Amino acid sequence: MRSERWSAPTRELTLPERIAWVLGNEDGRPVSSLTEPAGLLVAAALVELLLDASLLDAGSSYRRGPVDTTDPLLEWAADGLLRSGGRKADLGHAVTGPRGAQMIRRTMDRLVERGLAHREPRRVFGYLAMPVFGSALRVHETAALHHDRAVVRAVLDGADADEDTAMIAVLLHHGRRVRALHPQDPHAAIARARSIASGRFVPAGIDQDIVRLVSPTVQAVLAALTATEVLSSGH
């Protein structure tokens with residue numbers, strides 16, 4: 001999925017990179033590497049792999065498709081999912097714990113490798129004023145970020161969607177992140193994203209992909225994350 005609407009520096013981003021990118025901080029201030037939930041990034045990777053036929057939905061599991069992926073982030077995500085047999089029942093392991101944390105880090109690393117951001121040290125004072133050192137991302141291409149966020153915002157505000165922007169809207173809807181794009185009318189934008197996630201207001205053909213594949217996949221990943229969180233909390 002490579003829309004001509006995106007800015008030139010970001011046109012080759014994968015879907016997980018894209019969702020992390022458009023949810024970035026517009027003024028280029030440091031963005032924590034833990035800003036985006038692993039579930040949304042895993043869901044984005046899975047959607048792209050399925051749409052590209054690099055993965056196939058085999059009912060209770062996923063299996064390799066006929067098209068090889070050449071992107072290292074997508075290949076890593078696919079390998080992690082298939083290593084234990086690709087069972088959908090194991091989706092929770094892909095979005096929580098060490099694997100989920102790695103998905104976040106690897107996505108952010110790809111933005112750095114592409115020259116869109118860089119890591120810089122940060123110092124956070126927490127409980128008892130003890131300093132905690134780590135790293136954060138600072139956006140290089142702020143003009144590109146403004147442009148790309150505006151593209152998504154326009155769709156949420158009512159502009160026609162193409163395949164790329166429709167997929168972003170679906171992910172934002174299911175991840176409850178529509179407000180993060182600062183649409184003109186948040187309530188109308190949330191309703192618009194919900195409609196797109198139901199296959200409305202998109203070109204013919206894309207609507208079927210959304211209804212049959214994209215929305216169910218994103219919901220399954222995020223449901224697995226929620227179920228794992230509930231179990232781990234003891235409820």
# chains A, B, ... in the order shown; residues from 1 in each chain; ligands from 1
>>> select_by_dssp(residues="range 13-151 of chain A", states="strand (DSSP E)", output="PyMOL selection string")
chain A and resi 31-32+55-57+62-64+117-125+131-139
>>> residues_around(residues="Glu141 in chain A", least_positions_apart="6", cutoff="8 Å", atoms="only C-alpha atoms", output="list in words")
Pro9, Leu116 and Ala117 of chain A
>>> select_by_dssp(residues="range 29-233 of chain A", states="alpha helix (DSSP H)", output="ChimeraX atom specification")
/A:38-51,72-82,91-95,97-113,142-156,163-174,186-197,206-209,215-233
>>> residues_around(residues="Arg18 in chain A", least_positions_apart="2", cutoff="12 Å", atoms="only C-alpha atoms", output="count of residues only")
41
>>> atom_distance(atom1="CA of Leu46 in chain A", atom2="CA of Ala193 in chain A")
19.7 Å
>>> closest_residue(among="A:Ala89, A:Leu181, A:Ala220, A:Ser60", to="His147 in chain A", atoms="only C-alpha atoms")
A:Leu181
>>> residues_around(residues="Arg64 in chain A", least_positions_apart="3", cutoff="12 Å", atoms="only C-alpha atoms", output="CSV table (one decimal) with N, CA and C atoms, in the first residue's frame")
chain,number,residue,atom,x,y,z
A,46,LEU,N,-0.2,-7.3,10.6
A,46,LEU,CA,-0.9,-8.5,10.1
A,46,LEU,C,-1.9,-8.1,9.0
A,49,LEU,N,0.3,-7.8,5.8
A,49,LEU,CA,0.7,-9.2,5.3
A,49,LEU,C,-0.4,-9.9,4.7
A,50,LEU,N,-1.6,-9.8,5.2
A,50,LEU,CA,-2.8,-10.5,4.6
A,50,LEU,C,-3.2,-9.9,3.3
A,52,ASP,N,-1.3,-8.3,1.3
A,52,ASP,CA,-0.3,-8.6,0.3
A,52,ASP,C,-0.2,-10.1,-0.1
A,53,ALA,N,-1.0,-10.9,0.6
A,53,ALA,CA,-1.0,-12.4,0.4
A,53,ALA,C,0.4,-13.0,0.8
A,54,SER,N,1.0,-12.3,1.8
A,54,SER,CA,2.2,-12.9,2.4
A,54,SER,C,1.8,-13.8,3.5
A,55,LEU,N,0.6,-13.6,4.1
A,55,LEU,CA,0.0,-14.5,5.0
A,55,LEU,C,-1.4,-14.8,4.5
A,56,LEU,N,-1.9,-16.0,4.8
A,56,LEU,CA,-3.2,-16.4,4.5
A,56,LEU,C,-4.0,-16.8,5.7
A,57,ASP,N,-5.2,-16.5,5.8
A,57,ASP,CA,-6.1,-16.9,6.9
A,57,ASP,C,-6.6,-18.3,6.7
A,58,ALA,N,-6.2,-19.2,7.5
A,58,ALA,CA,-6.6,-20.6,7.4
A,58,ALA,C,-7.6,-21.0,8.4
A,61,SER,N,-6.0,-20.5,12.2
A,61,SER,CA,-4.5,-20.2,12.2
A,61,SER,C,-4.2,-19.4,10.9
A,67,VAL,N,3.2,-14.8,-1.6
A,67,VAL,CA,4.0,-13.7,-1.9
A,67,VAL,C,5.0,-13.4,-0.8
A,68,ASP,N,6.2,-13.4,-1.1
A,68,ASP,CA,7.3,-13.2,0.0
A,68,ASP,C,7.3,-11.7,0.3
A,69,THR,N,7.4,-11.4,1.6
A,69,THR,CA,7.6,-10.0,2.0
A,69,THR,C,9.1,-9.7,2.0
A,75,GLU,N,8.5,-9.0,7.9
A,75,GLU,CA,9.0,-10.4,8.0
A,75,GLU,C,9.2,-10.8,9.4
A,78,ALA,N,5.7,-11.6,10.9
A,78,ALA,CA,5.2,-12.8,10.3
A,78,ALA,C,5.9,-14.0,10.9
A,79,ASP,N,7.2,-13.9,11.1
A,79,ASP,CA,8.0,-15.0,11.6
A,79,ASP,C,7.6,-15.3,13.1
A,81,LEU,N,4.8,-14.7,14.5
A,81,LEU,CA,3.4,-15.3,14.5
A,81,LEU,C,3.4,-16.8,14.1
A,82,LEU,N,4.2,-17.1,13.1
A,82,LEU,CA,4.2,-18.4,12.5
A,82,LEU,C,5.1,-19.4,13.3
A,83,ARG,N,6.0,-18.9,14.0
A,83,ARG,CA,7.0,-19.8,14.7
A,83,ARG,C,6.3,-20.8,15.6
A,85,GLY,N,3.3,-22.0,15.0
A,85,GLY,CA,2.2,-22.6,14.3
A,85,GLY,C,1.2,-21.7,13.7
A,86,GLY,N,1.3,-20.4,14.1
A,86,GLY,CA,0.4,-19.4,13.5
A,86,GLY,C,-1.0,-19.5,14.1
>>> residues_around(residues="Val155 in chain A", least_positions_apart="2", cutoff="9 Å", atoms="only C-alpha atoms", output="PyMOL selection string")
chain A and resi 150-153+157-161+165-166+169+189+192-193
>>> write_last_selection(atoms="N, CA and C atoms", output="PDB file, in the first residue's frame")
ATOM      1  N   ALA A 150      -2.342  15.642   8.180  1.00  0.00           N
ATOM      2  CA  ALA A 150      -3.412  16.399   7.527  1.00  0.00           C
ATOM      3  C   ALA A 150      -4.168  15.527   6.526  1.00  0.00           C
ATOM      4  N   VAL A 151      -3.453  14.634   5.843  1.00  0.00           N
ATOM      5  CA  VAL A 151      -4.090  13.717   4.892  1.00  0.00           C
ATOM      6  C   VAL A 151      -5.102  12.829   5.612  1.00  0.00           C
ATOM      7  N   VAL A 152      -4.682  12.260   6.731  1.00  0.00           N
ATOM      8  CA  VAL A 152      -5.580  11.383   7.492  1.00  0.00           C
ATOM      9  C   VAL A 152      -6.718  12.191   8.102  1.00  0.00           C
ATOM     10  N   ARG A 153      -6.389  13.363   8.627  1.00  0.00           N
ATOM     11  CA  ARG A 153      -7.413  14.214   9.240  1.00  0.00           C
ATOM     12  C   ARG A 153      -8.484  14.593   8.225  1.00  0.00           C
ATOM     13  N   ASP A 157     -12.424  13.981   8.410  1.00  0.00           N
ATOM     14  CA  ASP A 157     -13.339  15.122   8.331  1.00  0.00           C
ATOM     15  C   ASP A 157     -14.289  15.039   7.142  1.00  0.00           C
ATOM     16  N   GLY A 158     -14.150  13.978   6.311  1.00  0.00           N
ATOM     17  CA  GLY A 158     -15.119  13.785   5.239  1.00  0.00           C
ATOM     18  C   GLY A 158     -14.569  13.640   3.841  1.00  0.00           C
ATOM     19  N   ALA A 159     -13.259  13.810   3.634  1.00  0.00           N
ATOM     20  CA  ALA A 159     -12.684  13.653   2.297  1.00  0.00           C
ATOM     21  C   ALA A 159     -12.729  12.183   1.876  1.00  0.00           C
ATOM     22  N   ASP A 160     -12.672  11.957   0.561  1.00  0.00           N
ATOM     23  CA  ASP A 160     -12.683  10.589   0.046  1.00  0.00           C
ATOM     24  C   ASP A 160     -11.440   9.835   0.519  1.00  0.00           C
ATOM     25  N   ALA A 161     -11.633   8.566   0.826  1.00  0.00           N
ATOM     26  CA  ALA A 161     -10.518   7.720   1.261  1.00  0.00           C
ATOM     27  C   ALA A 161     -10.030   6.862   0.103  1.00  0.00           C
ATOM     28  N   THR A 165      -5.460   5.343   3.216  1.00  0.00           N
ATOM     29  CA  THR A 165      -6.088   6.150   4.263  1.00  0.00           C
ATOM     30  C   THR A 165      -7.276   5.424   4.890  1.00  0.00           C
ATOM     31  N   ALA A 166      -7.936   4.571   4.116  1.00  0.00           N
ATOM     32  CA  ALA A 166      -9.029   3.777   4.681  1.00  0.00           C
ATOM     33  C   ALA A 166      -8.496   2.818   5.744  1.00  0.00           C
ATOM     34  N   ALA A 169      -7.762   4.694   8.867  1.00  0.00           N
ATOM     35  CA  ALA A 169      -9.005   5.039   9.566  1.00  0.00           C
ATOM     36  C   ALA A 169      -9.563   3.839  10.325  1.00  0.00           C
ATOM     37  N   ALA A 189     -15.942  12.795  13.357  1.00  0.00           N
ATOM     38  CA  ALA A 189     -14.800  12.017  12.866  1.00  0.00           C
ATOM     39  C   ALA A 189     -14.839  10.589  13.395  1.00  0.00           C
ATOM     40  N   ARG A 192     -17.374   8.862  11.406  1.00  0.00           N
ATOM     41  CA  ARG A 192     -16.844   8.634  10.058  1.00  0.00           C
ATOM     42  C   ARG A 192     -15.901   7.429  10.050  1.00  0.00           C
ATOM     43  N   ALA A 193     -14.997   7.358  11.012  1.00  0.00           N
ATOM     44  CA  ALA A 193     -14.067   6.234  11.087  1.00  0.00           C
ATOM     45  C   ALA A 193     -14.814   4.928  11.330  1.00  0.00           C
TER      46      ALA A 193
END
>>> residues_around(residues="Arg106 in chain A", least_positions_apart="4", cutoff="10 Å", atoms="only C-alpha atoms", output="list in words")
Glu17, Ser33, Pro72, Leu73, Trp76, Ala77, Gly100, Ala101, Gln102, Arg110, Leu111 and Val112 of chain A
>>> residues_around(residues="Leu91 in chain A", least_positions_apart="6", cutoff="8 Å", atoms="only C-alpha atoms", output="VMD selection string")
chain A and resid 81 221 224 to 225
>>> atom_distance(atom1="CA of Gly59 in chain A", atom2="CA of Ser198 in chain A")
21.2 Å
>>> atom_distance(atom1="CA of Tyr62 in chain A", atom2="CA of Ile196 in chain A")
25.1 Å
>>> closest_residue(among="A:Val170, A:Ala43, A:Ala191, A:Ala38", to="Arg105 in chain A", atoms="only C-alpha atoms")
A:Ala38
